[in-house]
>>> print(open('input.cif').read())   # mmCIF, C-alpha atoms and all ligand atoms
data_work
#
loop_
_atom_site.group_PDB
_atom_site.id
_atom_site.type_symbol
_atom_site.label_atom_id
_atom_site.label_comp_id
_atom_site.auth_asym_id
_atom_site.auth_seq_id
_atom_site.Cartn_x
_atom_site.Cartn_y
_atom_site.Cartn_z
ATOM 1 C CA SER Q 1 -23.685 29.445 -26.202
ATOM 2 C CA LYS Q 2 -21.091 28.220 -23.797
ATOM 3 C CA ARG Q 3 -23.744 26.809 -21.583
ATOM 4 C CA ALA Q 4 -25.418 24.830 -24.333
ATOM 5 C CA GLY Q 5 -21.992 23.566 -25.289
ATOM 6 C CA ARG Q 6 -21.415 22.401 -21.771
ATOM 7 C CA ASN Q 7 -24.767 20.640 -21.706
ATOM 8 C CA ARG Q 8 -24.108 19.019 -24.989
ATOM 9 C CA TYR Q 9 -20.735 17.914 -23.695
ATOM 10 C CA ARG Q 10 -22.330 16.410 -20.633
ATOM 11 C CA PHE Q 11 -24.857 14.639 -22.814
ATOM 12 C CA PHE Q 12 -22.188 13.028 -24.923
ATOM 13 C CA LEU Q 13 -19.785 12.331 -22.090
ATOM 14 C CA PRO Q 14 -20.415 8.615 -21.527
ATOM 15 C CA SER Q 15 -20.138 7.495 -25.128
ATOM 16 C CA MET Q 16 -17.428 9.969 -26.048
ATOM 17 C CA ASN Q 17 -15.152 8.849 -23.292
ATOM 18 C CA GLU Q 18 -15.596 5.144 -23.563
ATOM 19 C CA GLY Q 19 -12.372 4.851 -25.535
ATOM 20 C CA ALA Q 20 -10.586 7.300 -23.274
ATOM 21 C CA LEU Q 21 -11.710 5.456 -20.152
ATOM 22 C CA GLU Q 22 -10.642 2.121 -21.527
ATOM 23 C CA ARG Q 23 -7.311 3.659 -22.361
ATOM 24 C CA LEU Q 24 -6.996 5.120 -18.877
ATOM 25 C CA GLY Q 25 -7.729 1.694 -17.411
ATOM 26 C CA MET Q 26 -5.106 0.170 -19.637
ATOM 27 C CA GLU Q 27 -2.585 2.830 -18.626
ATOM 28 C CA GLU Q 28 -3.313 2.124 -14.968
ATOM 29 C CA ASN Q 29 -2.903 -1.624 -15.501
ATOM 30 C CA LEU Q 30 0.253 -1.060 -17.502
ATOM 31 C CA ARG Q 31 1.743 0.849 -14.579
ATOM 32 C CA HIS Q 32 1.510 -2.288 -12.440
ATOM 33 C CA ALA Q 33 2.249 -4.874 -15.097
ATOM 34 C CA LEU Q 34 5.980 -5.057 -14.356
ATOM 35 C CA ALA Q 35 5.480 -5.430 -10.595
ATOM 36 C CA ARG Q 36 2.766 -8.036 -11.220
ATOM 37 C CA ASP Q 37 5.087 -9.942 -13.521
ATOM 38 C CA GLU Q 38 2.624 -9.878 -16.421
ATOM 39 C CA PHE Q 39 5.106 -9.434 -19.249
ATOM 40 C CA GLU Q 40 6.682 -12.282 -21.128
ATOM 41 C CA LEU Q 41 9.028 -12.614 -24.044
ATOM 42 C CA HIS Q 42 8.353 -14.607 -27.163
ATOM 43 C CA PHE Q 43 11.077 -15.618 -29.581
ATOM 44 C CA GLN Q 44 10.959 -15.837 -33.370
ATOM 45 C CA PRO Q 45 13.715 -17.659 -35.265
ATOM 46 C CA LYS Q 46 15.954 -15.989 -37.831
ATOM 47 C CA VAL Q 47 17.449 -18.427 -40.303
ATOM 48 C CA ASP Q 48 20.121 -18.810 -42.942
ATOM 49 C CA THR Q 49 18.185 -18.435 -46.218
ATOM 50 C CA ALA Q 50 20.006 -21.213 -48.027
ATOM 51 C CA SER Q 51 20.317 -23.872 -45.310
ATOM 52 C CA GLY Q 52 17.442 -22.973 -42.968
ATOM 53 C CA ALA Q 53 19.846 -23.191 -39.995
ATOM 54 C CA MET Q 54 18.949 -20.908 -37.111
ATOM 55 C CA THR Q 55 21.115 -17.800 -36.903
ATOM 56 C CA GLY Q 56 19.301 -16.004 -34.116
ATOM 57 C CA ALA Q 57 15.915 -14.901 -32.846
ATOM 58 C CA GLU Q 58 13.938 -11.720 -32.341
ATOM 59 C CA VAL Q 59 12.579 -11.047 -28.875
ATOM 60 C CA LEU Q 60 8.938 -9.913 -29.001
ATOM 61 C CA LEU Q 61 7.207 -8.559 -25.934
ATOM 62 C CA ARG Q 62 3.807 -9.866 -24.827
ATOM 63 C CA TRP Q 63 1.532 -8.689 -22.017
ATOM 64 C CA ARG Q 64 -0.470 -11.424 -20.318
ATOM 65 C CA GLN Q 65 -3.294 -9.519 -18.711
ATOM 66 C CA PRO Q 66 -5.548 -11.472 -16.314
ATOM 67 C CA GLU Q 67 -8.782 -10.080 -17.796
ATOM 68 C CA ARG Q 68 -7.789 -9.963 -21.445
ATOM 69 C CA GLY Q 69 -5.286 -12.706 -22.069
ATOM 70 C CA LEU Q 70 -2.314 -12.098 -24.340
ATOM 71 C CA VAL Q 71 -2.214 -8.465 -25.458
ATOM 72 C CA PRO Q 72 -0.186 -7.789 -28.628
ATOM 73 C CA PRO Q 73 2.438 -5.016 -28.501
ATOM 74 C CA ALA Q 74 0.589 -2.826 -31.010
ATOM 75 C CA GLU Q 75 -2.097 -2.335 -28.340
ATOM 76 C CA PHE Q 76 0.075 -1.340 -25.415
ATOM 77 C CA ILE Q 77 3.477 -0.179 -26.656
ATOM 78 C CA PRO Q 78 2.124 3.154 -27.944
ATOM 79 C CA ILE Q 79 0.670 3.836 -24.459
ATOM 80 C CA ALA Q 80 3.874 2.655 -22.812
ATOM 81 C CA GLU Q 81 5.777 5.079 -25.024
ATOM 82 C CA GLU Q 82 3.508 8.053 -24.361
ATOM 83 C CA THR Q 83 3.616 7.518 -20.602
ATOM 84 C CA GLY Q 84 7.343 6.816 -20.575
ATOM 85 C CA LEU Q 85 6.696 3.408 -18.988
ATOM 86 C CA ILE Q 86 8.515 1.867 -21.956
ATOM 87 C CA VAL Q 87 11.844 2.901 -20.449
ATOM 88 C CA ASP Q 88 11.442 0.567 -17.449
ATOM 89 C CA ILE Q 89 9.691 -2.085 -19.511
ATOM 90 C CA GLY Q 90 12.460 -1.900 -22.117
ATOM 91 C CA ALA Q 91 15.130 -2.271 -19.437
ATOM 92 C CA TRP Q 92 13.286 -5.358 -18.197
ATOM 93 C CA VAL Q 93 13.178 -6.798 -21.737
ATOM 94 C CA LEU Q 94 16.917 -6.220 -22.154
ATOM 95 C CA GLU Q 95 17.766 -7.906 -18.890
ATOM 96 C CA GLN Q 96 15.459 -10.869 -19.540
ATOM 97 C CA ALA Q 97 16.951 -11.331 -23.007
ATOM 98 C CA CYS Q 98 20.448 -11.313 -21.482
ATOM 99 C CA ARG Q 99 19.312 -13.890 -18.907
ATOM 100 C CA ARG Q 100 18.087 -16.169 -21.698
ATOM 101 C CA VAL Q 101 21.400 -15.877 -23.517
ATOM 102 C CA VAL Q 102 23.170 -17.086 -20.375
ATOM 103 C CA GLU Q 103 20.580 -19.782 -19.653
ATOM 104 C CA TRP Q 104 20.656 -21.112 -23.232
ATOM 105 C CA GLU Q 105 24.370 -20.624 -23.895
ATOM 106 C CA ASP Q 106 25.074 -24.377 -24.235
ATOM 107 C CA ARG Q 107 22.357 -24.881 -26.837
ATOM 108 C CA LEU Q 108 23.058 -21.794 -28.968
ATOM 109 C CA PRO Q 109 24.665 -22.285 -32.391
ATOM 110 C CA ALA Q 110 27.867 -20.351 -33.120
ATOM 111 C CA GLY Q 111 27.096 -16.768 -34.078
ATOM 112 C CA PHE Q 112 23.534 -16.922 -32.705
ATOM 113 C CA ARG Q 113 22.130 -13.496 -31.687
ATOM 114 C CA LEU Q 114 19.085 -12.544 -29.665
ATOM 115 C CA ALA Q 115 17.636 -9.304 -31.036
ATOM 116 C CA VAL Q 116 15.824 -6.818 -28.808
ATOM 117 C CA ASN Q 117 13.618 -4.003 -30.141
ATOM 118 C CA LEU Q 118 14.283 -0.553 -28.748
ATOM 119 C CA SER Q 119 11.848 2.339 -28.457
ATOM 120 C CA VAL Q 120 12.657 5.934 -29.307
ATOM 121 C CA ARG Q 121 12.092 6.796 -25.635
ATOM 122 C CA GLN Q 122 14.877 4.458 -24.617
ATOM 123 C CA LEU Q 123 17.145 6.114 -27.153
ATOM 124 C CA GLN Q 124 16.298 9.513 -25.714
ATOM 125 C CA GLY Q 125 17.522 8.257 -22.330
ATOM 126 C CA ASP Q 126 20.810 6.620 -21.458
ATOM 127 C CA ILE Q 127 20.238 3.374 -23.282
ATOM 128 C CA ASP Q 128 23.941 2.596 -23.317
ATOM 129 C CA GLU Q 129 23.851 2.502 -19.508
ATOM 130 C CA ALA Q 130 20.776 0.243 -19.532
ATOM 131 C CA VAL Q 131 22.572 -2.134 -21.885
ATOM 132 C CA ARG Q 132 25.751 -2.027 -19.810
ATOM 133 C CA HIS Q 133 23.697 -2.804 -16.699
ATOM 134 C CA ALA Q 134 21.837 -5.713 -18.324
ATOM 135 C CA LEU Q 135 25.085 -7.246 -19.583
ATOM 136 C CA ALA Q 136 26.900 -6.729 -16.281
ATOM 137 C CA THR Q 137 24.178 -8.130 -13.998
ATOM 138 C CA THR Q 138 23.635 -11.225 -16.145
ATOM 139 C CA GLY Q 139 27.124 -11.847 -17.467
ATOM 140 C CA ALA Q 140 25.737 -12.278 -21.002
ATOM 141 C CA ASP Q 141 28.154 -12.264 -23.935
ATOM 142 C CA PRO Q 142 27.530 -8.923 -25.721
ATOM 143 C CA ALA Q 143 28.167 -10.627 -29.080
ATOM 144 C CA ARG Q 144 24.950 -12.610 -28.503
ATOM 145 C CA ILE Q 145 22.870 -9.427 -28.275
ATOM 146 C CA GLU Q 146 21.543 -7.369 -31.161
ATOM 147 C CA LEU Q 147 19.486 -4.193 -30.883
ATOM 148 C CA GLU Q 148 16.863 -3.339 -33.509
ATOM 149 C CA LEU Q 149 16.416 0.391 -34.130
ATOM 150 C CA THR Q 150 14.261 2.139 -36.703
ATOM 151 C CA GLU Q 151 15.366 4.896 -39.033
ATOM 152 C CA SER Q 152 12.793 7.342 -37.714
ATOM 153 C CA MET Q 153 14.062 7.070 -34.154
ATOM 154 C CA LEU Q 154 17.575 7.874 -35.343
ATOM 155 C CA MET Q 155 16.573 10.887 -37.411
ATOM 156 C CA GLU Q 156 15.215 12.824 -34.419
ATOM 157 C CA ASP Q 157 18.656 13.934 -33.269
ATOM 158 C CA THR Q 158 21.097 12.255 -35.585
ATOM 159 C CA GLU Q 159 24.344 13.383 -34.021
ATOM 160 C CA ARG Q 160 23.287 12.235 -30.575
ATOM 161 C CA ALA Q 161 21.984 8.955 -32.020
ATOM 162 C CA ILE Q 162 25.309 8.319 -33.748
ATOM 163 C CA GLY Q 163 27.135 8.944 -30.449
ATOM 164 C CA LEU Q 164 24.845 6.494 -28.641
ATOM 165 C CA MET Q 165 25.217 3.884 -31.355
ATOM 166 C CA ASP Q 166 28.993 4.225 -31.173
ATOM 167 C CA ARG Q 167 28.878 3.630 -27.421
ATOM 168 C CA LEU Q 168 26.562 0.632 -27.833
ATOM 169 C CA SER Q 169 28.701 -0.797 -30.569
ATOM 170 C CA ALA Q 170 31.794 -0.335 -28.402
ATOM 171 C CA GLN Q 171 30.151 -2.594 -25.800
ATOM 172 C CA GLY Q 172 30.163 -5.393 -28.384
ATOM 173 C CA VAL Q 173 26.448 -5.599 -29.148
ATOM 174 C CA GLN Q 174 25.267 -5.534 -32.768
ATOM 175 C CA LEU Q 175 22.917 -2.945 -34.227
ATOM 176 C CA ALA Q 176 20.271 -3.506 -36.891
ATOM 177 C CA LEU Q 177 18.185 -0.961 -38.765
ATOM 178 C CA ASP Q 178 14.629 -2.320 -38.526
ATOM 179 C CA ASP Q 179 11.781 -1.765 -41.023
ATOM 180 C CA PHE Q 180 14.345 -0.576 -43.540
ATOM 181 C CA GLY Q 181 12.875 1.315 -46.475
ATOM 182 C CA THR Q 182 9.881 2.704 -44.576
ATOM 183 C CA GLY Q 183 11.742 5.638 -42.996
ATOM 184 C CA TYR Q 184 13.577 8.419 -44.664
ATOM 185 C CA SER Q 185 17.218 8.172 -43.631
ATOM 186 C CA SER Q 186 19.454 9.446 -46.383
ATOM 187 C CA LEU Q 187 22.281 7.388 -47.760
ATOM 188 C CA TYR Q 188 24.588 9.957 -46.211
ATOM 189 C CA TYR Q 189 23.404 9.001 -42.707
ATOM 190 C CA LEU Q 190 23.214 5.345 -43.521
ATOM 191 C CA ARG Q 191 26.930 5.476 -44.173
ATOM 192 C CA ARG Q 192 27.537 7.282 -40.882
ATOM 193 C CA PHE Q 193 25.402 4.995 -38.682
ATOM 194 C CA PRO Q 194 27.641 2.395 -37.017
ATOM 195 C CA ILE Q 195 25.189 -0.431 -37.783
ATOM 196 C CA HIS Q 196 25.848 -4.058 -38.658
ATOM 197 C CA ARG Q 197 22.689 -5.007 -40.481
ATOM 198 C CA LEU Q 198 19.683 -3.803 -42.484
ATOM 199 C CA LYS Q 199 16.341 -5.446 -41.927
ATOM 200 C CA ILE Q 200 14.159 -5.232 -45.047
ATOM 201 C CA ASP Q 201 10.603 -4.332 -44.067
ATOM 202 C CA ARG Q 202 7.791 -6.832 -44.441
ATOM 203 C CA SER Q 203 5.796 -4.443 -46.651
ATOM 204 C CA PHE Q 204 8.326 -5.064 -49.463
ATOM 205 C CA VAL Q 205 8.928 -8.733 -48.719
ATOM 206 C CA SER Q 206 5.225 -9.579 -48.779
ATOM 207 C CA GLU Q 207 4.934 -8.316 -52.384
ATOM 208 C CA VAL Q 208 7.783 -10.312 -53.910
ATOM 209 C CA PRO Q 209 8.225 -11.967 -56.308
ATOM 210 C CA ASN Q 210 5.162 -10.633 -58.191
ATOM 211 C CA ASP Q 211 5.311 -6.875 -57.624
ATOM 212 C CA ARG Q 212 8.066 -5.534 -59.846
ATOM 213 C CA SER Q 213 8.851 -2.395 -57.881
ATOM 214 C CA CYS Q 214 8.976 -4.242 -54.547
ATOM 215 C CA ALA Q 215 11.225 -6.835 -56.145
ATOM 216 C CA ALA Q 216 13.491 -4.037 -57.402
ATOM 217 C CA ILE Q 217 13.538 -2.368 -53.960
ATOM 218 C CA VAL Q 218 14.449 -5.630 -52.247
ATOM 219 C CA GLN Q 219 17.231 -6.345 -54.747
ATOM 220 C CA ALA Q 220 18.533 -2.775 -54.483
ATOM 221 C CA THR Q 221 18.529 -2.938 -50.671
ATOM 222 C CA ILE Q 222 20.549 -6.149 -50.721
ATOM 223 C CA ALA Q 223 23.028 -4.573 -53.176
ATOM 224 C CA LEU Q 224 23.199 -1.410 -51.050
ATOM 225 C CA ALA Q 225 23.906 -3.415 -47.906
ATOM 226 C CA ARG Q 226 26.613 -5.335 -49.722
ATOM 227 C CA SER Q 227 28.306 -2.230 -51.030
ATOM 228 C CA LEU Q 228 28.247 -0.624 -47.585
ATOM 229 C CA GLY Q 229 29.658 -3.768 -46.019
ATOM 230 C CA LEU Q 230 26.487 -4.460 -44.034
ATOM 231 C CA GLU Q 231 24.623 -7.684 -43.343
ATOM 232 C CA VAL Q 232 21.016 -7.907 -44.460
ATOM 233 C CA ILE Q 233 17.932 -9.828 -43.322
ATOM 234 C CA ALA Q 234 14.385 -9.953 -44.702
ATOM 235 C CA GLU Q 235 11.432 -9.957 -42.276
ATOM 236 C CA GLY Q 236 7.902 -11.281 -42.763
ATOM 237 C CA VAL Q 237 8.821 -14.161 -45.059
ATOM 238 C CA GLU Q 238 5.684 -16.291 -45.334
ATOM 239 C CA THR Q 239 5.969 -18.287 -48.565
ATOM 240 C CA THR Q 240 8.523 -20.473 -50.299
ATOM 241 C CA ASP Q 241 8.225 -18.188 -53.363
ATOM 242 C CA GLN Q 242 9.374 -15.256 -51.235
ATOM 243 C CA ARG Q 243 12.178 -17.344 -49.735
ATOM 244 C CA ASP Q 244 13.347 -18.486 -53.174
ATOM 245 C CA PHE Q 245 13.317 -14.925 -54.479
ATOM 246 C CA LEU Q 246 15.338 -13.729 -51.491
ATOM 247 C CA ARG Q 247 17.807 -16.591 -51.802
ATOM 248 C CA ASP Q 248 18.320 -15.892 -55.521
ATOM 249 C CA ALA Q 249 18.707 -12.172 -54.763
ATOM 250 C CA GLY Q 250 21.510 -13.037 -52.345
ATOM 251 C CA CYS Q 251 19.753 -12.249 -49.070
ATOM 252 C CA PRO Q 252 21.642 -14.330 -46.522
ATOM 253 C CA GLU Q 253 19.131 -14.260 -43.680
ATOM 254 C CA CYS Q 254 15.331 -14.477 -43.322
ATOM 255 C CA GLN Q 255 12.681 -14.310 -40.631
ATOM 256 C CA GLY Q 256 8.955 -14.973 -40.873
ATOM 257 C CA TYR Q 257 6.080 -17.366 -40.344
ATOM 258 C CA LEU Q 258 7.504 -19.694 -43.033
ATOM 259 C CA PHE Q 259 10.336 -20.526 -40.625
ATOM 260 C CA GLY Q 260 8.425 -20.101 -37.388
ATOM 261 C CA ALA Q 261 6.109 -17.747 -35.524
ATOM 262 C CA PRO Q 262 7.146 -16.158 -32.217
ATOM 263 C CA VAL Q 263 6.869 -18.719 -29.389
ATOM 264 C CA PRO Q 264 7.278 -18.583 -25.577
ATOM 265 C CA GLY Q 265 10.669 -19.283 -24.018
ATOM 266 C CA ALA Q 266 10.082 -22.957 -23.180
ATOM 267 C CA ALA Q 267 8.924 -23.734 -26.727
ATOM 268 C CA PHE Q 268 11.877 -21.842 -28.152
ATOM 269 C CA ALA Q 269 14.321 -23.757 -25.938
ATOM 270 C CA ALA Q 270 12.777 -26.998 -27.249
ATOM 271 C CA LEU Q 271 13.198 -25.706 -30.798
ATOM 272 C CA LEU Q 272 16.875 -24.984 -30.102
ATOM 273 C CA ASP Q 273 17.314 -28.539 -28.810
ATOM 274 C CA SER Q 274 15.554 -30.117 -31.783
ATOM 275 C CA ARG Q 275 17.768 -28.233 -34.236
ATOM 276 C CA ARG Q 276 20.987 -28.943 -32.367
ATOM 277 C CA PRO Q 277 23.410 -31.088 -34.379
ATOM 278 C CA GLN Q 278 23.719 -34.531 -32.758
HETATM 279 P P1 LIG L 301 8.650 -5.426 -35.512
HETATM 280 O O1 LIG L 301 9.888 -5.110 -34.747
HETATM 281 O O2 LIG L 301 8.640 -5.041 -36.957
HETATM 282 O O3 LIG L 301 8.422 -6.981 -35.317
HETATM 283 C C1 LIG L 301 7.940 -7.846 -36.315
HETATM 284 C C2 LIG L 301 6.460 -8.118 -36.150
HETATM 285 O O4 LIG L 301 6.008 -8.891 -37.266
HETATM 286 C C3 LIG L 301 6.109 -8.936 -34.917
HETATM 287 O O5 LIG L 301 4.816 -8.528 -34.488
HETATM 288 C C4 LIG L 301 6.065 -10.360 -35.473
HETATM 289 O O6 LIG L 301 5.282 -11.235 -34.684
HETATM 290 C C5 LIG L 301 5.445 -10.107 -36.810
HETATM 291 N N1 LIG L 301 5.787 -11.134 -37.786
HETATM 292 C C6 LIG L 301 6.855 -11.949 -37.795
HETATM 293 N N2 LIG L 301 6.869 -12.725 -38.882
HETATM 294 C C7 LIG L 301 5.788 -12.406 -39.597
HETATM 295 C C8 LIG L 301 5.250 -12.874 -40.842
HETATM 296 O O7 LIG L 301 5.786 -13.748 -41.511
HETATM 297 N N3 LIG L 301 4.106 -12.287 -41.270
HETATM 298 C C9 LIG L 301 3.475 -11.303 -40.571
HETATM 299 N N4 LIG L 301 2.345 -10.811 -41.066
HETATM 300 N N5 LIG L 301 3.960 -10.834 -39.398
HETATM 301 C C10 LIG L 301 5.106 -11.378 -38.919
HETATM 302 P P2 LIG L 301 4.521 -8.258 -32.953
HETATM 303 O O8 LIG L 301 5.180 -9.304 -32.110
HETATM 304 O O9 LIG L 301 3.053 -8.079 -32.831
HETATM 305 O O10 LIG L 301 5.259 -6.898 -32.674
HETATM 306 C C11 LIG L 301 4.825 -5.701 -33.277
HETATM 307 C C12 LIG L 301 5.779 -4.580 -33.023
HETATM 308 O O11 LIG L 301 5.834 -4.260 -31.638
HETATM 309 C C13 LIG L 301 7.213 -4.882 -33.410
HETATM 310 O O12 LIG L 301 7.372 -4.739 -34.798
HETATM 311 C C14 LIG L 301 7.962 -3.861 -32.597
HETATM 312 O O13 LIG L 301 7.968 -2.624 -33.249
HETATM 313 C C15 LIG L 301 7.113 -3.753 -31.355
HETATM 314 N N6 LIG L 301 7.733 -4.534 -30.260
HETATM 315 C C16 LIG L 301 7.659 -5.844 -29.990
HETATM 316 N N7 LIG L 301 8.374 -6.148 -28.882
HETATM 317 C C17 LIG L 301 8.924 -4.995 -28.463
HETATM 318 C C18 LIG L 301 9.798 -4.629 -27.359
HETATM 319 O O14 LIG L 301 10.248 -5.469 -26.544
HETATM 320 N N8 LIG L 301 10.136 -3.311 -27.257
HETATM 321 C C19 LIG L 301 9.705 -2.374 -28.142
HETATM 322 N N9 LIG L 301 10.099 -1.097 -27.954
HETATM 323 N N10 LIG L 301 8.912 -2.675 -29.189
HETATM 324 C C20 LIG L 301 8.530 -3.965 -29.342
HETATM 325 CA CA CA L 302 11.974 -5.610 -34.894
HETATM 326 CA CA CA L 303 10.620 -5.063 -38.170
HETATM 327 CA CA CA L 304 8.054 -4.128 -40.041
#
>>> encode(input="input.cif", output="structure tokens", more="lines below")
Ligand code: C2E
Ligand code: CA
Ligand code: CA
Ligand code: CA
Amino acid sequence: SKRAGRNRYRFFLPSMNEGALERLGMEENLRHALARDEFELHFQPKVDTASGAMTGAEVLLRWRQPERGLVPPAEFIPIAEETGLIVDIGAWVLEQACRRVVEWEDRLPAGFRLAVNLSVRQLQGDIDEAVRHALATTGADPARIELELTESMLMEDTERAIGLMDRLSAQGVQLALDDFGTGYSSLYYLRRFPIHRLKIDRSFVSEVPNDRSCAAIVQATIALARSLGLEVIAEGVETTDQRDFLRDAGCPECQGYLFGAPVPGAAFAALLDSRRPQ
């Protein structure tokens, strides 16, 4: 009966809602994290495959929570997306990244780009305005900024996404298609997206050189990028075997633990200094 159901529900309430309560607590903490200044950016180098010279870095968000320490994005970004908090957090990330570009300008190699990940929620809003604002308030050179988008976030409303990407591109920032190969964008759309670069997903990179189909996919992606006039980068490069395969396949740029894990701003600035030509 309904009543028994209610009793049963009450009986199970504490254990059943442990996860939900923890999540609610996290959501509540997340709401205040920006005001409490608990977010920080880490930076992971991107390098020229052949020479190892730094070509840029990816900005990766971290949440330093007093009770829990450093919380990885996989644990809080989904909640930030569901609650819409990611829009304000994402705007903060953009502005901080632009600030770093200005702060580090003297130590940055020619062509160096700082890449910021965007969320689908930011794309649903007026992301081009957020980018314009971040560039204008910091005075950052738009050519130093790259935005990483995923295929799936572009396929939701393709025509609108193409319009947004055109407006972003017109501001002088670069656009990269992240996790390439894991989504389902057709070649037709790939040709229409005003992007500069494909980023080959780690799930393929981690299986080369031994897995034949992953090796074929990686080689085909590099050839596809070439024929479309796009740049290409491989993510998640952990071994010299993977690096050698990518170099031989003609992949100009790499990123991964082999070349450096994401590090806080001060450590990254030191890295920039140590790599600077004398
Ligand atoms: P992603 O954009 O695919 O970022 C790459 C992830 O792979 C990062 O995890 C990075 O630390 C990790 N990684 C880098 N090199 C290697 C490697 O050689 N091996 C392995 N196994 N992993 C590697 P992280 O920092 O935990 O970020 C996870 C995801 O969170 C990102 O995936 C991105 O989707 C999201 N994210 C991070 N920062 C932001 C942000 O500021 N905004 C938004 N919207 N999403 C973000
Ligand atoms: Ca990314
Ligand atoms: Ca990625
Ligand atoms: Ca990935």
>>> resolve_selection(input="input.cif", expression="the PyMOL selection byres (((chain Q and resi 114-123) around 6) and not hetatm)", output="list in words")
Gly56, Ala57, Glu58, Val59, Val87, Arg113, Gln124, Gly125, Ile127, Arg144, Ile145, Glu146, Leu147, Glu148, Leu149 and Met153 of chain Q
>>> closest_residue(input="input.cif", among="Q:Gly19, Q:Ser51, Q:Pro142, Q:Asp106", to="Q:Phe259", atoms="all atoms listed in the file")
Q:Ser51
>>> resolve_selection(input="input.cif", expression="the PyMOL selection byres (((chain Q and resi 266) around 12) and not hetatm)", output="PyMOL selection string")
chain Q and resi 40-43+100+103-104+262-265+267-273
>>> write_last_selection(input="input.cif", atoms="C-alpha atoms", output="PDB file, in the coordinates of the input")
ATOM      1  CA  GLU Q  40       6.682 -12.282 -21.128  1.00  0.00           C
ATOM      2  CA  LEU Q  41       9.028 -12.614 -24.044  1.00  0.00           C
ATOM      3  CA  HIS Q  42       8.353 -14.607 -27.163  1.00  0.00           C
ATOM      4  CA  PHE Q  43      11.077 -15.618 -29.581  1.00  0.00           C
ATOM      5  CA  ARG Q 100      18.087 -16.169 -21.698  1.00  0.00           C
ATOM      6  CA  GLU Q 103      20.580 -19.782 -19.653  1.00  0.00           C
ATOM      7  CA  TRP Q 104      20.656 -21.112 -23.232  1.00  0.00           C
ATOM      8  CA  PRO Q 262       7.146 -16.158 -32.217  1.00  0.00           C
ATOM      9  CA  VAL Q 263       6.869 -18.719 -29.389  1.00  0.00           C
ATOM     10  CA  PRO Q 264       7.278 -18.583 -25.577  1.00  0.00           C
ATOM     11  CA  GLY Q 265      10.669 -19.283 -24.018  1.00  0.00           C
ATOM     12  CA  ALA Q 267       8.924 -23.734 -26.727  1.00  0.00           C
ATOM     13  CA  PHE Q 268      11.877 -21.842 -28.152  1.00  0.00           C
ATOM     14  CA  ALA Q 269      14.321 -23.757 -25.938  1.00  0.00           C
ATOM     15  CA  ALA Q 270      12.777 -26.998 -27.249  1.00  0.00           C
ATOM     16  CA  LEU Q 271      13.198 -25.706 -30.798  1.00  0.00           C
ATOM     17  CA  LEU Q 272      16.875 -24.984 -30.102  1.00  0.00           C
ATOM     18  CA  ASP Q 273      17.314 -28.539 -28.810  1.00  0.00           C
TER      19      ASP Q 273
END
>>> resolve_selection(input="input.cif", expression="the PyMOL selection byres (((chain Q and resi 241) around 12) and not hetatm)", output="list in words")
Val205, Ser206, Glu207, Val208, Pro209, Asn210, Val237, Glu238, Thr239, Thr240, Gln242, Arg243, Asp244, Phe245, Leu246, Arg247, Asp248 and Leu258 of chain Q
>>> residues_around(input="input.cif", residues="Q:Arg197", least_positions_apart="3", cutoff="8 Å", atoms="all atoms listed in the file", output="PyMOL selection string")
chain Q and resi 175-177+225+230-233
>>> residues_around(input="input.cif", residues="Q:Gly256", least_positions_apart="5", cutoff="8 Å", atoms="only C-alpha atoms", output="list of chain:residue names")
Q:Gln44, Q:Pro45, Q:Lys46, Q:Glu235, Q:Gly236, Q:Val237, Q:Glu238, Q:Ala261
>>> write_last_selection(input="input.cif", atoms="C-alpha atoms", output="PDB file, in the coordinates of the input")
ATOM      1  CA  GLN Q  44      10.959 -15.837 -33.370  1.00  0.00           C
ATOM      2  CA  PRO Q  45      13.715 -17.659 -35.265  1.00  0.00           C
ATOM      3  CA  LYS Q  46      15.954 -15.989 -37.831  1.00  0.00           C
ATOM      4  CA  GLU Q 235      11.432  -9.957 -42.276  1.00  0.00           C
ATOM      5  CA  GLY Q 236       7.902 -11.281 -42.763  1.00  0.00           C
ATOM      6  CA  VAL Q 237       8.821 -14.161 -45.059  1.00  0.00           C
ATOM      7  CA  GLU Q 238       5.684 -16.291 -45.334  1.00  0.00           C
ATOM      8  CA  ALA Q 261       6.109 -17.747 -35.524  1.00  0.00           C
TER       9      ALA Q 261
END
>>> residues_near_ligand(input="input.cif", ligand="ligand CA 303 (chain L)", cutoff="7 Å", atoms="all atoms listed in the file", output="list in words")
Asp178, Asp179, Lys199, Asp201 and Glu235 of chain Q
>>> atom_distance(input="input.cif", atom1="atom CA of Q:His133", atom2="atom CA of Q:Trp92")
10.8 Å
>>> closest_residue(input="input.cif", among="Q:Ile200, Q:Ile89, Q:Ala143, Q:Ala130", to="ligand CA 302 (chain L)", atoms="only C-alpha atoms and all ligand atoms")
Q:Ile200
>>> atom_distance(input="input.cif", atom1="atom CA of Q:Ile162", atom2="atom CA of ligand CA 302 (chain L)")
19.3 Å
>>> residues_around(input="input.cif", residues="stretch 67-75 of chain Q", least_positions_apart="4", cutoff="10 Å", atoms="all atoms listed in the file", output="short mmCIF file (atom, residue, chain, number, x, y, z; two decimals) with C-alpha atoms, in the coordinates of the input")
data_model
loop_
_atom_site.label_atom_id
_atom_site.label_comp_id
_atom_site.auth_asym_id
_atom_site.auth_seq_id
_atom_site.Cartn_x
_atom_site.Cartn_y
_atom_site.Cartn_z
CA ARG Q 23 -7.31 3.66 -22.36
CA MET Q 26 -5.11 0.17 -19.64
CA GLU Q 38 2.62 -9.88 -16.42
CA PHE Q 39 5.11 -9.43 -19.25
CA GLU Q 40 6.68 -12.28 -21.13
CA LEU Q 60 8.94 -9.91 -29.00
CA LEU Q 61 7.21 -8.56 -25.93
CA ARG Q 62 3.81 -9.87 -24.83
CA TRP Q 63 1.53 -8.69 -22.02
CA ILE Q 79 0.67 3.84 -24.46
CA ALA Q 80 3.87 2.66 -22.81
#
